[in-house]
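Peer 1: Sharing final27.pdb below, PDB, C-alpha atoms and all ligand atoms:
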ATOM      1  CA  MET A  20       0.000   0.000   0.000  1.00  0.00           C
ATOM      2  CA  LYS A  21       1.252   3.487  -0.847  1.00  0.00           C
ATOM      3  CA  MET A  22       1.800   5.937   1.958  1.00  0.00           C
ATOM      4  CA  ILE A  23      -1.486   7.482   3.072  1.00  0.00           C
ATOM      5  CA  ALA A  24      -1.408  10.821   4.874  1.00  0.00           C
ATOM      6  CA  ILE A  25      -4.302  11.129   7.322  1.00  0.00           C
ATOM      7  CA  PRO A  26      -4.983  14.623   8.670  1.00  0.00           C
ATOM      8  CA  GLY A  27      -4.565  14.830  12.434  1.00  0.00           C
ATOM      9  CA  TYR A  28      -3.630  11.159  12.670  1.00  0.00           C
ATOM     10  CA  GLY A  29      -0.350  10.631  10.836  1.00  0.00           C
ATOM     11  CA  SER A  30       0.715   8.589   7.872  1.00  0.00           C
ATOM     12  CA  LEU A  31       0.230   4.922   7.160  1.00  0.00           C
ATOM     13  CA  GLU A  32       2.418   2.786   4.963  1.00  0.00           C
ATOM     14  CA  LEU A  33       1.069  -0.712   5.427  1.00  0.00           C
ATOM     15  CA  GLU A  34       2.645  -3.709   3.765  1.00  0.00           C
ATOM     16  CA  ASN A  35       1.726  -6.587   6.109  1.00  0.00           C
ATOM     17  CA  LEU A  36      -1.807  -7.804   6.773  1.00  0.00           C
ATOM     18  CA  VAL A  37      -2.017 -10.102   9.806  1.00  0.00           C
ATOM     19  CA  LEU A  38      -5.306 -11.918  10.291  1.00  0.00           C
ATOM     20  CA  ASP A  39      -6.693 -13.967  13.122  1.00  0.00           C
ATOM     21  CA  LEU A  40      -8.434 -17.106  11.812  1.00  0.00           C
ATOM     22  CA  ASN A  41     -11.275 -18.223  14.090  1.00  0.00           C
ATOM     23  CA  GLY A  42     -14.124 -15.761  14.377  1.00  0.00           C
ATOM     24  CA  THR A  43     -12.343 -13.437  11.927  1.00  0.00           C
ATOM     25  CA  LEU A  44     -12.026 -15.401   8.666  1.00  0.00           C
ATOM     26  CA  THR A  45     -14.225 -18.284   9.801  1.00  0.00           C
ATOM     27  CA  GLU A  46     -17.505 -18.860  11.586  1.00  0.00           C
ATOM     28  CA  SER A  47     -17.945 -22.173  13.375  1.00  0.00           C
ATOM     29  CA  GLY A  48     -14.793 -23.403  11.626  1.00  0.00           C
ATOM     30  CA  ASP A  49     -15.924 -22.661   8.052  1.00  0.00           C
ATOM     31  CA  PHE A  50     -14.589 -19.819   5.917  1.00  0.00           C
ATOM     32  CA  ILE A  51     -16.967 -16.904   5.667  1.00  0.00           C
ATOM     33  CA  PRO A  52     -18.248 -16.771   2.058  1.00  0.00           C
ATOM     34  CA  GLY A  53     -16.135 -14.480  -0.132  1.00  0.00           C
ATOM     35  CA  VAL A  54     -13.189 -14.279   2.253  1.00  0.00           C
ATOM     36  CA  LEU A  55     -10.767 -16.322   0.151  1.00  0.00           C
ATOM     37  CA  ASP A  56     -11.480 -14.233  -2.958  1.00  0.00           C
ATOM     38  CA  ASP A  57     -10.971 -11.086  -0.911  1.00  0.00           C
ATOM     39  CA  LEU A  58      -7.571 -12.349   0.229  1.00  0.00           C
ATOM     40  CA  LYS A  59      -6.566 -12.736  -3.411  1.00  0.00           C
ATOM     41  CA  LYS A  60      -7.570  -9.120  -4.061  1.00  0.00           C
ATOM     42  CA  LEU A  61      -5.597  -7.897  -1.072  1.00  0.00           C
ATOM     43  CA  LYS A  62      -2.582  -9.862  -2.192  1.00  0.00           C
ATOM     44  CA  ALA A  63      -2.882  -8.365  -5.696  1.00  0.00           C
ATOM     45  CA  HIS A  64      -3.097  -4.950  -4.004  1.00  0.00           C
ATOM     46  CA  GLY A  65       0.364  -5.559  -2.549  1.00  0.00           C
ATOM     47  CA  PHE A  66      -0.240  -6.843   0.956  1.00  0.00           C
ATOM     48  CA  LYS A  67       1.855  -9.642   2.407  1.00  0.00           C
ATOM     49  CA  ILE A  68      -0.748 -11.733   4.184  1.00  0.00           C
ATOM     50  CA  TYR A  69      -0.255 -13.836   7.305  1.00  0.00           C
ATOM     51  CA  ILE A  70      -2.896 -15.948   9.051  1.00  0.00           C
ATOM     52  CA  LEU A  71      -2.306 -16.565  12.762  1.00  0.00           C
ATOM     53  CA  SER A  72      -4.034 -19.403  14.593  1.00  0.00           C
ATOM     54  CA  GLY A  73      -3.568 -21.715  17.530  1.00  0.00           C
ATOM     55  CA  ASP A  74      -4.281 -24.501  15.008  1.00  0.00           C
ATOM     56  CA  THR A  75      -6.223 -26.596  17.475  1.00  0.00           C
ATOM     57  CA  ARG A  76      -7.253 -29.065  14.747  1.00  0.00           C
ATOM     58  CA  GLY A  77      -3.842 -29.206  13.084  1.00  0.00           C
ATOM     59  CA  THR A  78      -5.301 -28.202   9.724  1.00  0.00           C
ATOM     60  CA  LEU A  79      -4.031 -24.630   9.365  1.00  0.00           C
ATOM     61  CA  LYS A  80      -1.391 -25.240   6.720  1.00  0.00           C
ATOM     62  CA  GLN A  81      -3.683 -27.390   4.598  1.00  0.00           C
ATOM     63  CA  ALA A  82      -6.350 -24.678   4.678  1.00  0.00           C
ATOM     64  CA  PHE A  83      -4.299 -22.362   2.437  1.00  0.00           C
ATOM     65  CA  PRO A  84      -2.683 -24.632  -0.166  1.00  0.00           C
ATOM     66  CA  LYS A  85      -3.208 -22.439  -3.201  1.00  0.00           C
ATOM     67  CA  PHE A  86      -2.359 -18.993  -1.888  1.00  0.00           C
ATOM     68  CA  SER A  87       1.332 -18.553  -2.414  1.00  0.00           C
ATOM     69  CA  GLY A  88       1.242 -15.127  -0.773  1.00  0.00           C
ATOM     70  CA  VAL A  89      -0.783 -16.188   2.249  1.00  0.00           C
ATOM     71  CA  GLU A  90       1.336 -17.601   5.004  1.00  0.00           C
ATOM     72  CA  PRO A  91      -0.254 -19.558   7.862  1.00  0.00           C
ATOM     73  CA  ILE A  92       1.584 -19.191  11.173  1.00  0.00           C
ATOM     74  CA  VAL A  93       0.909 -21.197  14.354  1.00  0.00           C
ATOM     75  CA  THR A  94       0.674 -18.923  17.406  1.00  0.00           C
ATOM     76  CA  LYS A  95      -0.557 -20.252  20.735  1.00  0.00           C
ATOM     77  CA  THR A  96      -0.829 -17.107  22.876  1.00  0.00           C
ATOM     78  CA  ALA A  97      -1.466 -13.375  22.680  1.00  0.00           C
ATOM     79  CA  LEU A  98       2.236 -12.771  23.260  1.00  0.00           C
ATOM     80  CA  ASP A  99       3.095 -15.164  20.391  1.00  0.00           C
ATOM     81  CA  LYS A 100       0.909 -13.071  18.104  1.00  0.00           C
ATOM     82  CA  ARG A 101       2.512  -9.853  19.282  1.00  0.00           C
ATOM     83  CA  ALA A 102       6.016 -11.286  18.837  1.00  0.00           C
ATOM     84  CA  PHE A 103       5.184 -12.312  15.284  1.00  0.00           C
ATOM     85  CA  VAL A 104       3.884  -8.840  14.413  1.00  0.00           C
ATOM     86  CA  GLU A 105       7.022  -7.270  15.885  1.00  0.00           C
ATOM     87  CA  SER A 106       9.208  -9.697  13.921  1.00  0.00           C
ATOM     88  CA  ILE A 107       7.786  -8.562  10.558  1.00  0.00           C
ATOM     89  CA  GLY A 108       7.702  -4.842  11.427  1.00  0.00           C
ATOM     90  CA  ALA A 109       4.822  -3.622  13.554  1.00  0.00           C
ATOM     91  CA  GLU A 110       4.958  -0.098  12.068  1.00  0.00           C
ATOM     92  CA  ARG A 111       4.065  -1.477   8.636  1.00  0.00           C
ATOM     93  CA  THR A 112       1.444  -3.926   9.837  1.00  0.00           C
ATOM     94  CA  VAL A 113      -2.322  -3.894  10.034  1.00  0.00           C
ATOM     95  CA  CYS A 114      -3.944  -6.581  12.212  1.00  0.00           C
ATOM     96  CA  VAL A 115      -7.501  -7.871  12.126  1.00  0.00           C
ATOM     97  CA  GLY A 116      -8.992  -9.986  14.909  1.00  0.00           C
ATOM     98  CA  ASN A 117     -11.786 -10.331  17.411  1.00  0.00           C
ATOM     99  CA  GLY A 118     -10.634 -11.911  20.665  1.00  0.00           C
ATOM    100  CA  ASN A 119      -8.541 -11.466  23.766  1.00  0.00           C
ATOM    101  CA  ILE A 120      -5.727 -13.361  22.065  1.00  0.00           C
ATOM    102  CA  ASP A 121      -5.551 -10.507  19.541  1.00  0.00           C
ATOM    103  CA  VAL A 122      -5.193  -7.708  22.097  1.00  0.00           C
ATOM    104  CA  GLU A 123      -1.390  -7.754  22.311  1.00  0.00           C
ATOM    105  CA  MET A 124      -0.897  -7.643  18.541  1.00  0.00           C
ATOM    106  CA  PHE A 125      -3.475  -4.840  18.363  1.00  0.00           C
ATOM    107  CA  LYS A 126      -1.321  -2.833  20.787  1.00  0.00           C
ATOM    108  CA  ALA A 127       1.828  -3.412  18.734  1.00  0.00           C
ATOM    109  CA  ALA A 128       0.549  -2.933  15.179  1.00  0.00           C
ATOM    110  CA  ARG A 129       0.378   0.439  13.420  1.00  0.00           C
ATOM    111  CA  LEU A 130      -3.290  -0.173  12.662  1.00  0.00           C
ATOM    112  CA  SER A 131      -5.701  -2.643  14.220  1.00  0.00           C
ATOM    113  CA  ILE A 132      -9.214  -3.544  13.166  1.00  0.00           C
ATOM    114  CA  CYS A 133     -11.628  -5.469  15.375  1.00  0.00           C
ATOM    115  CA  THR A 134     -14.367  -7.396  13.612  1.00  0.00           C
ATOM    116  CA  VAL A 135     -17.441  -8.423  15.591  1.00  0.00           C
ATOM    117  CA  GLN A 136     -19.630 -10.566  13.280  1.00  0.00           C
ATOM    118  CA  ALA A 137     -21.286 -13.827  14.355  1.00  0.00           C
ATOM    119  CA  GLU A 138     -18.846 -15.024  17.011  1.00  0.00           C
ATOM    120  CA  GLY A 139     -18.588 -11.649  18.718  1.00  0.00           C
ATOM    121  CA  ALA A 140     -15.589  -9.645  19.886  1.00  0.00           C
ATOM    122  CA  THR A 141     -14.260  -9.122  23.379  1.00  0.00           C
ATOM    123  CA  THR A 142     -14.538  -5.746  25.049  1.00  0.00           C
ATOM    124  CA  GLN A 143     -10.759  -5.572  25.406  1.00  0.00           C
ATOM    125  CA  ALA A 144     -10.220  -6.257  21.711  1.00  0.00           C
ATOM    126  CA  ILE A 145     -12.667  -3.489  20.835  1.00  0.00           C
ATOM    127  CA  LEU A 146     -10.962  -1.043  23.198  1.00  0.00           C
ATOM    128  CA  GLU A 147      -7.491  -1.702  21.766  1.00  0.00           C
ATOM    129  CA  ALA A 148      -8.551  -1.500  18.109  1.00  0.00           C
ATOM    130  CA  ASP A 149      -8.248   1.639  15.990  1.00  0.00           C
ATOM    131  CA  ILE A 150     -11.335   0.689  13.992  1.00  0.00           C
ATOM    132  CA  VAL A 151     -14.253  -1.642  14.767  1.00  0.00           C
ATOM    133  CA  VAL A 152     -16.313  -3.216  11.978  1.00  0.00           C
ATOM    134  CA  ILE A 153     -19.267  -5.569  12.084  1.00  0.00           C
ATOM    135  CA  HIS A 154     -18.017  -7.903   9.328  1.00  0.00           C
ATOM    136  CA  ILE A 155     -14.649  -8.908   7.874  1.00  0.00           C
ATOM    137  CA  LYS A 156     -15.728  -7.798   4.387  1.00  0.00           C
ATOM    138  CA  HIS A 157     -15.926  -4.231   5.718  1.00  0.00           C
ATOM    139  CA  ALA A 158     -12.388  -4.455   7.060  1.00  0.00           C
ATOM    140  CA  PHE A 159     -11.180  -5.565   3.628  1.00  0.00           C
ATOM    141  CA  GLU A 160     -13.126  -2.797   1.879  1.00  0.00           C
ATOM    142  CA  ILE A 161     -11.494  -0.219   4.139  1.00  0.00           C
ATOM    143  CA  LEU A 162      -8.028  -1.582   3.378  1.00  0.00           C
ATOM    144  CA  LEU A 163      -8.681  -1.517  -0.369  1.00  0.00           C
ATOM    145  CA  ASP A 164      -9.976   2.072  -0.362  1.00  0.00           C
ATOM    146  CA  PRO A 165      -7.666   4.650   1.248  1.00  0.00           C
ATOM    147  CA  LYS A 166     -10.449   7.248   1.204  1.00  0.00           C
ATOM    148  CA  LYS A 167     -12.422   5.126   3.660  1.00  0.00           C
ATOM    149  CA  LEU A 168      -9.381   4.869   5.917  1.00  0.00           C
ATOM    150  CA  ILE A 169      -8.878   8.615   5.814  1.00  0.00           C
ATOM    151  CA  ALA A 170     -12.538   9.364   6.480  1.00  0.00           C
ATOM    152  CA  THR A 171     -12.605   7.078   9.509  1.00  0.00           C
ATOM    153  CA  LEU A 172      -9.260   7.958  11.081  1.00  0.00           C
ATOM    154  CA  ARG A 173      -8.889  11.686  10.455  1.00  0.00           C
ATOM    155  CA  CYS A 174      -9.388  14.033  13.357  1.00  0.00           C
TER     156      CYS A 174
HETATM  157 MG    MG A 201     -10.643 -15.090  16.872  1.00  0.00          MG
END
If you convert what's in this file into structure tokens, what do you get?
Peer 2:
Amino acid sequence: MKMIAIPGYGSLELENLVLDLNGTLTESGDFIPGVLDDLKKLKAHGFKIYILSGDTRGTLKQAFPKFSGVEPIVTKTALDKRAFVESIGAERTVCVGNGNIDVEMFKAARLSICTVQAEGATTQAILEADIVVIHIKHAFEILLDPKKLIATLRC
């Protein structure tokens, strides 16, 4: 993503998109319809995409076999998620998640988006996010349209 200057907020130059899996890209274990196509668009837009999950079922890596630019990463705790974000450059990272396990990476990342949707979001995740949306598709739309980012974040 090109640098975006946001009045009263600062500039954003985001190159990494870090996504929680459960409750963010999936509902009840199944991908939310349209999400995989949206990831392709975001990749074409220039984002490096990482999916973080505790991988309780051991199926994380098989879930993304055809997305060469989407990297699944096993992270067991909130501090694991934060450490991963810091390892790739927190200042150039936007995170999307919904739970308490996402709170630490929300604190570290330049931009954080909390999505509520069917599984809900925790109060702490909402409080640490820069933006709250009701559905993951809205988070993706915001990231693909800098004017939406500017309109929401300017002050
Ligand atoms: Mg989650």
Peer 1: Kindly resolve the PyMOL selection byres (((chain A and resi 142) around 12) and not hetatm) on the present coordinates and return the residues as an NGL selection string.
Peer 2: :A and (117-119 or 121-122 or 133-135 or 139-141 or 143-148 or 151)
Peer 1: Would you please work out which residue, of A:Met22, A:Ile161, A:Ala82, A:Ala97, is nearest to ligand MG 201 (chain A) when using only C-alpha atoms and all ligand atoms?
Peer 2: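 Checking each candidate against ligand MG 201 (chain A), we get A:Ala97 as the closest.
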Peer 1: List all protein, DNA and RNA residues that have an atom no more than 7 Å from any atom of ligand MG 201 (chain A), counting all atoms listed in the file, and report them as a PyMOL selection string.
Peer 2: chain A and resi 39-43+116-118
Peer 1: Please return as a list in words every residue within 7 Å of (0.5, 1.6, 2.6), taking into account all atoms listed in the file and the file's own coordinates.
Peer 2: Met20, Lys21, Met22, Ile23, Leu31, Glu32, Leu33 and Glu34 of chain A
Peer 1: So, counting only C-alpha atoms, which residue among A:Glu90, A:Ile120, A:Thr78, A:Ala127 is closest to Ala102 in chain A?
Peer 2: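 Ranked by minimum distance to Ala102 in chain A, first place goes to A:Ala127.
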Peer 1: With the PyMOL selection byres (((chain A and resi 53-55) around 12) and not hetatm) as the selection, what would be picked from this file? Answer as an NGL selection string, please.
Peer 2: :A and (38 or 40 or 43-46 or 49-52 or 56-62 or 68 or 70 or 82-86 or 89 or 154-160)
Peer 1: Rank A:Val93, A:Ile150, A:Ile132, A:Val37 by their smallest atom-to-atom distance to Gly108 in chain A, using only C-alpha atoms, and report the top residue only.
Peer 2: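 Closest to Gly108 in chain A of all the choices is A:Val37.
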Peer 1: Go ahead and fit an axis-aligned box to every listed atom of range 117-121 of chain A plus 6 Å each side, and pass me the centre and edge lengths in Å, one decimal, as JSON.
Peer 2:
{"center_x": -8.7, "center_y": -11.8, "center_z": 20.6, "size_x": 18.2, "size_y": 15.0, "size_z": 18.4}
Peer 1: Of the candidates A:Asp74, A:Glu110, A:Glu123, A:Asp149, which shows the shortest atom-to-atom distance to Arg173 in chain A, using only C-alpha atoms?
Peer 2: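 Selected residue with least distance to Arg173 in chain A: A:Asp149.
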Peer 1: State, in Å with one decimal place, the distance from CA of Ser30 in chain A to CA of Lys100 in chain A.
Peer 2: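 Result for CA of Ser30 in chain A versus CA of Lys100 in chain A: 24.0 Å, one decimal.
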Peer 1: CA of Ser106 in chain A and CA of Gly29 in chain A are how many Å apart?
Peer 2: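 Going from CA of Ser106 in chain A over to CA of Gly29 in chain A, I get 22.7 Å.
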Peer 1: What's the separation between CA of Thr112 in chain A and CA of Val152 in chain A, in Å to one decimal place?
Peer 2: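 Atom-to-atom, CA of Thr112 in chain A to CA of Val152 in chain A, that is 17.9 Å.
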